[in-house]
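Peer 1: Input structure: my_file27.cif, which contains mmCIF, C-alpha atoms; chains and numbers go by the auth columns.
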```
data_final
loop_
_atom_site.group_PDB
_atom_site.id
_atom_site.type_symbol
_atom_site.label_atom_id
_atom_site.label_comp_id
_atom_site.label_asym_id
_atom_site.label_seq_id
_atom_site.Cartn_x
_atom_site.Cartn_y
_atom_site.Cartn_z
_atom_site.B_iso_or_equiv
_atom_site.auth_seq_id
_atom_site.auth_asym_id
ATOM 1 C CA MET A 1 0.000 0.000 0.000 0.00 1 A
ATOM 2 C CA ALA A 2 1.328 3.429 -0.950 0.00 2 A
ATOM 3 C CA LYS A 3 2.207 5.868 1.786 0.00 3 A
ATOM 4 C CA PRO A 4 0.071 9.004 1.849 0.00 4 A
ATOM 5 C CA ARG A 5 1.771 12.197 0.720 0.00 5 A
ATOM 6 C CA THR A 6 2.831 14.706 3.335 0.00 6 A
ATOM 7 C CA GLU A 7 3.778 17.438 0.827 0.00 7 A
ATOM 8 C CA LEU A 8 2.325 18.790 -2.384 0.00 8 A
ATOM 9 C CA PRO A 9 3.832 17.232 -5.522 0.00 9 A
ATOM 10 C CA THR A 10 6.480 19.282 -7.265 0.00 10 A
ATOM 11 C CA GLY A 11 7.565 19.323 -10.872 0.00 11 A
ATOM 12 C CA GLU A 12 6.378 20.690 -14.174 0.00 12 A
ATOM 13 C CA VAL A 13 2.735 21.121 -15.066 0.00 13 A
ATOM 14 C CA LEU A 14 1.962 19.117 -18.208 0.00 14 A
ATOM 15 C CA GLY A 15 -1.505 20.563 -18.618 0.00 15 A
ATOM 16 C CA THR A 16 -4.485 22.096 -16.862 0.00 16 A
ATOM 17 C CA TYR A 17 -7.930 20.542 -17.287 0.00 17 A
ATOM 18 C CA ARG A 18 -11.439 21.678 -16.367 0.00 18 A
ATOM 19 C CA SER A 19 -12.558 18.303 -14.977 0.00 19 A
ATOM 20 C CA HIS A 20 -10.985 15.342 -13.243 0.00 20 A
ATOM 21 C CA ASP A 21 -12.243 13.111 -16.072 0.00 21 A
ATOM 22 C CA GLU A 22 -10.282 15.152 -18.638 0.00 22 A
ATOM 23 C CA ALA A 23 -7.096 14.941 -16.554 0.00 23 A
ATOM 24 C CA ASN A 24 -7.670 11.221 -16.047 0.00 24 A
ATOM 25 C CA ALA A 25 -8.097 10.733 -19.812 0.00 25 A
ATOM 26 C CA ALA A 26 -4.749 12.465 -20.422 0.00 26 A
ATOM 27 C CA VAL A 27 -3.042 10.174 -17.888 0.00 27 A
ATOM 28 C CA GLN A 28 -4.637 7.144 -19.539 0.00 28 A
ATOM 29 C CA HIS A 29 -3.358 8.337 -22.918 0.00 29 A
ATOM 30 C CA LEU A 30 0.147 8.517 -21.476 0.00 30 A
ATOM 31 C CA ALA A 31 -0.241 5.018 -20.009 0.00 31 A
ATOM 32 C CA GLN A 32 -1.336 3.637 -23.388 0.00 32 A
ATOM 33 C CA HIS A 33 1.927 4.935 -24.829 0.00 33 A
ATOM 34 C CA ASP A 34 4.028 3.145 -22.178 0.00 34 A
ATOM 35 C CA PHE A 35 4.754 6.231 -20.117 0.00 35 A
ATOM 36 C CA ARG A 36 5.478 5.506 -16.432 0.00 36 A
ATOM 37 C CA VAL A 37 2.377 7.175 -14.964 0.00 37 A
ATOM 38 C CA SER A 38 3.316 6.384 -11.353 0.00 38 A
ATOM 39 C CA ALA A 39 5.544 9.454 -11.508 0.00 39 A
ATOM 40 C CA LEU A 40 2.564 11.729 -12.215 0.00 40 A
ATOM 41 C CA ALA A 41 0.132 13.457 -9.877 0.00 41 A
ATOM 42 C CA ILE A 42 -3.238 15.058 -10.570 0.00 42 A
ATOM 43 C CA VAL A 43 -3.521 18.178 -8.408 0.00 43 A
ATOM 44 C CA GLY A 44 -6.841 19.925 -7.846 0.00 44 A
ATOM 45 C CA ARG A 45 -6.680 23.718 -7.667 0.00 45 A
ATOM 46 C CA ASP A 46 -9.270 26.038 -6.120 0.00 46 A
ATOM 47 C CA VAL A 47 -10.725 23.172 -4.072 0.00 47 A
ATOM 48 C CA ARG A 48 -14.202 23.589 -2.599 0.00 48 A
ATOM 49 C CA ILE A 49 -16.690 21.452 -0.740 0.00 49 A
ATOM 50 C CA VAL A 50 -20.029 21.350 -2.536 0.00 50 A
ATOM 51 C CA GLU A 51 -23.036 20.023 -0.643 0.00 51 A
ATOM 52 C CA GLU A 52 -25.900 18.896 -2.831 0.00 52 A
ATOM 53 C CA VAL A 53 -29.207 19.205 -0.988 0.00 53 A
ATOM 54 C CA THR A 54 -31.130 15.937 -1.319 0.00 54 A
ATOM 55 C CA GLY A 55 -34.098 16.680 0.946 0.00 55 A
ATOM 56 C CA ILE A 56 -35.425 17.559 4.363 0.00 56 A
ATOM 57 C CA LEU A 57 -35.326 15.173 7.307 0.00 57 A
ATOM 58 C CA THR A 58 -38.989 14.882 8.303 0.00 58 A
ATOM 59 C CA TRP A 59 -40.305 12.858 11.221 0.00 59 A
ATOM 60 C CA ALA A 60 -41.321 10.089 8.800 0.00 60 A
ATOM 61 C CA ALA A 61 -37.900 10.109 7.141 0.00 61 A
ATOM 62 C CA ALA A 62 -36.174 9.931 10.543 0.00 62 A
ATOM 63 C CA ALA A 63 -38.368 6.980 11.544 0.00 63 A
ATOM 64 C CA GLY A 64 -37.807 5.300 8.170 0.00 64 A
ATOM 65 C CA ARG A 65 -34.035 5.673 8.296 0.00 65 A
ATOM 66 C CA GLY A 66 -34.016 4.377 11.854 0.00 66 A
ATOM 67 C CA ALA A 67 -36.222 1.434 10.860 0.00 67 A
ATOM 68 C CA LEU A 68 -33.883 0.511 8.016 0.00 68 A
ATOM 69 C CA THR A 69 -30.831 0.620 10.274 0.00 69 A
ATOM 70 C CA GLY A 70 -32.693 -1.334 12.934 0.00 70 A
ATOM 71 C CA ALA A 71 -33.726 -3.965 10.392 0.00 71 A
ATOM 72 C CA TRP A 72 -30.094 -4.560 9.444 0.00 72 A
ATOM 73 C CA LEU A 73 -29.031 -4.779 13.076 0.00 73 A
ATOM 74 C CA GLY A 74 -31.980 -7.066 13.856 0.00 74 A
ATOM 75 C CA LEU A 75 -31.058 -9.317 10.933 0.00 75 A
ATOM 76 C CA PHE A 76 -27.486 -9.499 12.219 0.00 76 A
ATOM 77 C CA VAL A 77 -28.575 -10.354 15.767 0.00 77 A
ATOM 78 C CA GLY A 78 -31.102 -12.868 14.443 0.00 78 A
ATOM 79 C CA LEU A 79 -28.416 -14.557 12.356 0.00 79 A
ATOM 80 C CA LEU A 80 -26.100 -14.747 15.359 0.00 80 A
ATOM 81 C CA LEU A 81 -28.854 -16.273 17.481 0.00 81 A
ATOM 82 C CA ALA A 82 -29.723 -18.740 14.745 0.00 82 A
ATOM 83 C CA LEU A 83 -26.098 -19.762 14.192 0.00 83 A
ATOM 84 C CA PHE A 84 -25.030 -20.077 17.806 0.00 84 A
ATOM 85 C CA GLY A 85 -28.324 -21.011 19.431 0.00 85 A
ATOM 86 C CA GLY A 86 -28.185 -24.671 18.518 0.00 86 A
ATOM 87 C CA ASP A 87 -30.462 -26.759 16.304 0.00 87 A
ATOM 88 C CA GLU A 88 -33.713 -25.524 17.847 0.00 88 A
ATOM 89 C CA SER A 89 -33.079 -21.830 17.103 0.00 89 A
ATOM 90 C CA LEU A 90 -32.799 -22.492 13.370 0.00 90 A
ATOM 91 C CA THR A 91 -36.309 -23.906 13.275 0.00 91 A
ATOM 92 C CA SER A 92 -37.868 -21.647 15.913 0.00 92 A
ATOM 93 C CA GLY A 93 -37.384 -18.563 13.761 0.00 93 A
ATOM 94 C CA ALA A 94 -34.849 -16.303 15.438 0.00 94 A
ATOM 95 C CA LEU A 95 -34.427 -14.297 12.244 0.00 95 A
ATOM 96 C CA LEU A 96 -37.864 -12.723 11.800 0.00 96 A
ATOM 97 C CA PRO A 97 -38.320 -11.647 15.431 0.00 97 A
ATOM 98 C CA GLY A 98 -34.827 -10.117 15.353 0.00 98 A
ATOM 99 C CA ILE A 99 -35.733 -8.037 12.290 0.00 99 A
ATOM 100 C CA VAL A 100 -39.100 -6.952 13.699 0.00 100 A
ATOM 101 C CA ILE A 101 -37.648 -5.948 17.054 0.00 101 A
ATOM 102 C CA GLY A 102 -34.765 -4.172 15.278 0.00 102 A
ATOM 103 C CA VAL A 103 -37.221 -2.192 13.117 0.00 103 A
ATOM 104 C CA GLY A 104 -39.172 -1.112 16.212 0.00 104 A
ATOM 105 C CA PHE A 105 -36.129 -0.015 18.190 0.00 105 A
ATOM 106 C CA GLY A 106 -34.617 1.626 15.091 0.00 106 A
ATOM 107 C CA MET A 107 -37.750 3.691 14.439 0.00 107 A
ATOM 108 C CA LEU A 108 -37.834 4.794 18.060 0.00 108 A
ATOM 109 C CA TRP A 109 -34.137 5.678 17.998 0.00 109 A
ATOM 110 C CA GLY A 110 -34.529 7.661 14.739 0.00 110 A
ATOM 111 C CA ILE A 111 -37.368 9.693 16.249 0.00 111 A
ATOM 112 C CA VAL A 112 -35.403 10.307 19.475 0.00 112 A
ATOM 113 C CA LEU A 113 -32.383 11.529 17.479 0.00 113 A
ATOM 114 C CA LYS A 114 -34.582 13.839 15.380 0.00 114 A
ATOM 115 C CA ALA A 115 -36.155 15.268 18.543 0.00 115 A
ATOM 116 C CA ALA A 116 -32.761 15.734 20.209 0.00 116 A
ATOM 117 C CA GLY A 117 -31.385 17.625 17.195 0.00 117 A
ATOM 118 C CA ARG A 118 -34.473 19.779 16.635 0.00 118 A
ATOM 119 C CA LYS A 119 -32.533 23.047 16.768 0.00 119 A
ATOM 120 C CA ARG A 120 -29.991 21.836 14.224 0.00 120 A
ATOM 121 C CA SER A 121 -30.641 21.804 10.510 0.00 121 A
ATOM 122 C CA SER A 122 -32.916 19.100 9.180 0.00 122 A
ATOM 123 C CA VAL A 123 -31.525 19.469 5.674 0.00 123 A
ATOM 124 C CA ILE A 124 -30.057 16.288 4.165 0.00 124 A
ATOM 125 C CA THR A 125 -26.986 16.949 2.020 0.00 125 A
ATOM 126 C CA ARG A 126 -24.418 14.932 0.114 0.00 126 A
ATOM 127 C CA PRO A 127 -20.987 16.597 0.424 0.00 127 A
ATOM 128 C CA GLN A 128 -18.443 16.351 -2.368 0.00 128 A
ATOM 129 C CA VAL A 129 -14.960 17.814 -2.796 0.00 129 A
ATOM 130 C CA MET A 130 -14.535 19.542 -6.156 0.00 130 A
ATOM 131 C CA ALA A 131 -11.784 21.603 -7.761 0.00 131 A
ATOM 132 C CA GLY A 132 -11.970 24.487 -10.198 0.00 132 A
ATOM 133 C CA SER A 133 -9.184 22.971 -12.310 0.00 133 A
ATOM 134 C CA TYR A 134 -6.899 19.940 -12.336 0.00 134 A
ATOM 135 C CA GLU A 135 -3.202 19.979 -13.202 0.00 135 A
ATOM 136 C CA ILE A 136 -1.058 17.021 -14.160 0.00 136 A
ATOM 137 C CA VAL A 137 2.310 17.440 -12.429 0.00 137 A
ATOM 138 C CA CYS A 138 5.328 15.535 -13.733 0.00 138 A
ATOM 139 C CA PRO A 139 8.997 15.235 -12.679 0.00 139 A
ATOM 140 C CA PRO A 140 11.151 17.569 -14.807 0.00 140 A
ATOM 141 C CA ALA A 141 13.364 14.715 -16.064 0.00 141 A
ATOM 142 C CA VAL A 142 10.507 13.108 -18.048 0.00 142 A
ATOM 143 C CA ALA A 143 8.317 16.148 -18.703 0.00 143 A
ATOM 144 C CA ASP A 144 9.448 16.616 -22.330 0.00 144 A
ATOM 145 C CA GLU A 145 8.681 12.974 -23.135 0.00 145 A
ATOM 146 C CA ALA A 146 5.206 13.290 -21.589 0.00 146 A
ATOM 147 C CA ARG A 147 4.494 16.539 -23.465 0.00 147 A
ATOM 148 C CA ALA A 148 5.475 14.915 -26.771 0.00 148 A
ATOM 149 C CA ILE A 149 3.059 12.023 -26.143 0.00 149 A
ATOM 150 C CA LEU A 150 0.239 14.390 -25.150 0.00 150 A
ATOM 151 C CA ALA A 151 0.878 16.548 -28.247 0.00 151 A
ATOM 152 C CA ARG A 152 0.083 13.503 -30.445 0.00 152 A
ATOM 153 C CA ARG A 153 -3.279 13.150 -28.742 0.00 153 A
#
```
What would the structure in this file look like if it were written as structure tokens?
Peer 2:
Amino acid sequence: MAKPRTELPTGEVLGTYRSHDEANAAVQHLAQHDFRVSALAIVGRDVRIVEEVTGILTWAAAAGRGALTGAWLGLFVGLLLALFGGDESLTSGALLPGIVIGVGFGMLWGIVLKAAGRKRSSVITRPQVMAGSYEIVCPPAVADEARAILARR
């Protein structure tokens, strides 16, 4: 596994692109022409966090989300009981009661959390990190080779 960087990459900028997909396509073009792409870095400039609003957390939505989480936890507990409870627990139905009880507790927990956070925002968002532009940075020793390959693109 690669170690995370502790400093910004240095070198020459091969090109600046409007989207990450465009920068990625340029790197793939270099890779197709046997360029050692492990020396490259795609650097986002003018980075911002964009939160897309997906809805409002209503009481019903809080209960529904809690019920879904509770169902998964109930299924997990039911499976554990069925697996480790011996032969009788497999036939006695430990799975369904676990799910039903999990749904009930999950709904209750979702409503309690919504009530506890009443003063906070009930807006549901999906955060995403985006950049205004993306630069491909390359070591100076191989920058001319990379530029020649990208020029043929």
Peer 1: Carefully work through the PyMOL selection byres ((chain A and resi 73-84) around 8) for this structure and note down the residues it includes, as a count of residues only.
Peer 2: 19
Peer 1: Using all atoms listed in the file, pick whichever of A:Thr54, A:Thr10, A:Asn24, A:Ser19 has the shortest atom-to-atom distance to Thr125 (chain A).
Peer 2: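 Residue with the minimum atom-to-atom distance to Thr125 (chain A): A:Thr54.
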Peer 1: Just say which residues the PyMOL selection byres ((chain A and resi 3-9) around 10) picks in this file, as a PDB file with C-alpha atoms, in the coordinates of the input.
Peer 2:
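File out-v4.pdb, as written:
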```
ATOM      1  CA  MET A   1       0.000   0.000   0.000  1.00  0.00           C
ATOM      2  CA  ALA A   2       1.328   3.429  -0.950  1.00  0.00           C
ATOM      3  CA  THR A  10       6.480  19.282  -7.265  1.00  0.00           C
ATOM      4  CA  GLY A  11       7.565  19.323 -10.872  1.00  0.00           C
ATOM      5  CA  GLU A  12       6.378  20.690 -14.174  1.00  0.00           C
ATOM      6  CA  ALA A  39       5.544   9.454 -11.508  1.00  0.00           C
ATOM      7  CA  LEU A  40       2.564  11.729 -12.215  1.00  0.00           C
ATOM      8  CA  ALA A  41       0.132  13.457  -9.877  1.00  0.00           C
ATOM      9  CA  ILE A  42      -3.238  15.058 -10.570  1.00  0.00           C
ATOM     10  CA  VAL A  43      -3.521  18.178  -8.408  1.00  0.00           C
ATOM     11  CA  ILE A 136      -1.058  17.021 -14.160  1.00  0.00           C
ATOM     12  CA  VAL A 137       2.310  17.440 -12.429  1.00  0.00           C
ATOM     13  CA  CYS A 138       5.328  15.535 -13.733  1.00  0.00           C
ATOM     14  CA  PRO A 139       8.997  15.235 -12.679  1.00  0.00           C
TER      15      PRO A 139
END
```
Peer 1: For this structure, which residues satisfy the selection - the PyMOL selection byres ((chain A and resi 122) around 12) - when it is evaluated on the file as given? I want them as a list in words.
Peer 2: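 Evaluating the PyMOL selection byres ((chain A and resi 122) around 12) on these coordinates yields Val53, Thr54, Gly55, Ile56, Leu57, Thr58, Trp59, Ala61, Ala62, Leu113, Lys114, Ala115, Ala116, Gly117, Arg118, Lys119, Arg120, Ser121, Val123, Ile124 and Thr125 of chain A.
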Peer 1: Looking at A:Gly44, A:Gly15, A:Gly64, A:Gly104, which one is nearest to Ala131 (chain A), with distances taken over all atoms listed in the file?
Peer 2: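 The shortest atom-to-atom distance to Ala131 (chain A) comes from A:Gly44.
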Peer 1: Quote the spacing between CA of Arg153 (chain A) and CA of Leu14 (chain A) in Å to one decimal place.
Peer 2: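 Computed distance, CA of Arg153 (chain A) to CA of Leu14 (chain A), equals 13.2 Å.
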Peer 1: Which value, in Å to one decimal, gives the distance between CA of Ile49 (chain A) and CA of Tyr17 (chain A)?
Peer 2: 18.7 Å
Peer 1: Looking at A:Arg65, A:Arg152, A:Arg48, A:Arg18, which one is nearest to Gln128 (chain A), with distances taken over only C-alpha atoms?
Peer 2: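 Using only C-alpha atoms, Gln128 (chain A) sits closest to A:Arg48.
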Peer 1: For Val50 (chain A), work out the shell of residues within 8 Å, counting all atoms listed in the file and skipping chain neighbours fewer than 4 positions away, then give it as a PDB file with C-alpha atoms, keeping the file's coordinate frame.
Peer 2:
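The file below, out-v1.pdb, is the result:
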```pdb
ATOM      1  CA  PRO A 127     -20.987  16.597   0.424  1.00  0.00           C
ATOM      2  CA  GLN A 128     -18.443  16.351  -2.368  1.00  0.00           C
ATOM      3  CA  VAL A 129     -14.960  17.814  -2.796  1.00  0.00           C
ATOM      4  CA  MET A 130     -14.535  19.542  -6.156  1.00  0.00           C
TER       5      MET A 130
END
```
Peer 1: Could you jot down the CA of Ala143 (chain A) to CA of Val47 (chain A) separation for me, Å, one decimal place?
Peer 2: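 Pair CA of Ala143 (chain A) / CA of Val47 (chain A) returns 25.0 Å.
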Peer 1: Can you sort out region 2-23 of chain A so it carries N, CA, C and O atoms, written as an mmCIF file, in the frame of the given file?
Peer 2:
```
data_model
loop_
_atom_site.group_PDB
_atom_site.id
_atom_site.type_symbol
_atom_site.label_atom_id
_atom_site.label_comp_id
_atom_site.auth_asym_id
_atom_site.auth_seq_id
_atom_site.Cartn_x
_atom_site.Cartn_y
_atom_site.Cartn_z
ATOM 1 N N ALA A 2 0.527 2.216 -0.826
ATOM 2 C CA ALA A 2 1.328 3.429 -0.950
ATOM 3 C C ALA A 2 1.158 4.317 0.277
ATOM 4 O O ALA A 2 0.073 4.410 0.838
ATOM 5 N N LYS A 3 2.268 4.944 0.656
ATOM 6 C CA LYS A 3 2.207 5.868 1.786
ATOM 7 C C LYS A 3 1.512 7.149 1.347
ATOM 8 O O LYS A 3 1.720 7.615 0.230
ATOM 9 N N PRO A 4 0.708 7.732 2.211
ATOM 10 C CA PRO A 4 0.071 9.004 1.849
ATOM 11 C C PRO A 4 1.111 10.118 1.768
ATOM 12 O O PRO A 4 2.104 10.114 2.490
ATOM 13 N N ARG A 5 0.864 11.063 0.883
ATOM 14 C CA ARG A 5 1.771 12.197 0.720
ATOM 15 C C ARG A 5 1.688 13.116 1.926
ATOM 16 O O ARG A 5 0.623 13.292 2.509
ATOM 17 N N THR A 6 2.805 13.710 2.265
ATOM 18 C CA THR A 6 2.831 14.706 3.335
ATOM 19 C C THR A 6 3.145 16.092 2.787
ATOM 20 O O THR A 6 3.092 17.065 3.523
ATOM 21 N N GLU A 7 3.485 16.163 1.480
ATOM 22 C CA GLU A 7 3.778 17.438 0.827
ATOM 23 C C GLU A 7 3.105 17.462 -0.527
ATOM 24 O O GLU A 7 2.823 16.417 -1.119
ATOM 25 N N LEU A 8 2.885 18.663 -1.044
ATOM 26 C CA LEU A 8 2.325 18.790 -2.384
ATOM 27 C C LEU A 8 3.347 18.308 -3.413
ATOM 28 O O LEU A 8 4.548 18.512 -3.230
ATOM 29 N N PRO A 9 2.894 17.672 -4.489
ATOM 30 C CA PRO A 9 3.832 17.232 -5.522
ATOM 31 C C PRO A 9 4.491 18.420 -6.212
ATOM 32 O O PRO A 9 3.883 19.464 -6.389
ATOM 33 N N THR A 10 5.752 18.232 -6.564
ATOM 34 C CA THR A 10 6.480 19.282 -7.265
ATOM 35 C C THR A 10 6.864 18.771 -8.643
ATOM 36 O O THR A 10 6.896 17.573 -8.883
ATOM 37 N N GLY A 11 7.169 19.680 -9.519
ATOM 38 C CA GLY A 11 7.565 19.323 -10.872
ATOM 39 C C GLY A 11 6.954 20.288 -11.865
ATOM 40 O O GLY A 11 6.507 21.376 -11.509
ATOM 41 N N GLU A 12 6.922 19.849 -13.107
ATOM 42 C CA GLU A 12 6.378 20.690 -14.174
ATOM 43 C C GLU A 12 4.935 20.324 -14.438
ATOM 44 O O GLU A 12 4.555 19.154 -14.389
ATOM 45 N N VAL A 13 4.149 21.334 -14.743
ATOM 46 C CA VAL A 13 2.735 21.121 -15.066
ATOM 47 C C VAL A 13 2.637 20.762 -16.542
ATOM 48 O O VAL A 13 3.041 21.536 -17.405
ATOM 49 N N LEU A 14 2.124 19.559 -16.816
ATOM 50 C CA LEU A 14 1.962 19.117 -18.208
ATOM 51 C C LEU A 14 0.747 19.747 -18.861
ATOM 52 O O LEU A 14 0.731 19.976 -20.063
ATOM 53 N N GLY A 15 -0.288 19.982 -18.079
ATOM 54 C CA GLY A 15 -1.505 20.563 -18.618
ATOM 55 C C GLY A 15 -2.492 20.845 -17.504
ATOM 56 O O GLY A 15 -2.417 20.273 -16.421
ATOM 57 N N THR A 16 -3.426 21.752 -17.801
ATOM 58 C CA THR A 16 -4.485 22.096 -16.862
ATOM 59 C C THR A 16 -5.811 21.731 -17.514
ATOM 60 O O THR A 16 -6.040 22.057 -18.683
ATOM 61 N N TYR A 17 -6.675 21.065 -16.753
ATOM 62 C CA TYR A 17 -7.930 20.542 -17.287
ATOM 63 C C TYR A 17 -9.097 21.020 -16.436
ATOM 64 O O TYR A 17 -8.957 21.257 -15.244
ATOM 65 N N ARG A 18 -10.246 21.166 -17.058
ATOM 66 C CA ARG A 18 -11.439 21.678 -16.367
ATOM 67 C C ARG A 18 -12.075 20.630 -15.462
ATOM 68 O O ARG A 18 -12.719 20.975 -14.489
ATOM 69 N N SER A 19 -11.928 19.349 -15.792
ATOM 70 C CA SER A 19 -12.558 18.303 -14.977
ATOM 71 C C SER A 19 -11.543 17.206 -14.667
ATOM 72 O O SER A 19 -10.545 17.045 -15.371
ATOM 73 N N HIS A 20 -11.846 16.462 -13.620
ATOM 74 C CA HIS A 20 -10.985 15.342 -13.243
ATOM 75 C C HIS A 20 -11.005 14.280 -14.335
ATOM 76 O O HIS A 20 -9.995 13.628 -14.596
ATOM 77 N N ASP A 21 -12.145 14.103 -14.989
ATOM 78 C CA ASP A 21 -12.243 13.111 -16.072
ATOM 79 C C ASP A 21 -11.299 13.452 -17.226
ATOM 80 O O ASP A 21 -10.682 12.559 -17.813
ATOM 81 N N GLU A 22 -11.193 14.741 -17.566
ATOM 82 C CA GLU A 22 -10.282 15.152 -18.638
ATOM 83 C C GLU A 22 -8.830 14.878 -18.253
ATOM 84 O O GLU A 22 -8.043 14.385 -19.069
ATOM 85 N N ALA A 23 -8.462 15.200 -17.020
ATOM 86 C CA ALA A 23 -7.096 14.941 -16.554
ATOM 87 C C ALA A 23 -6.825 13.443 -16.526
ATOM 88 O O ALA A 23 -5.745 12.987 -16.925
#
```
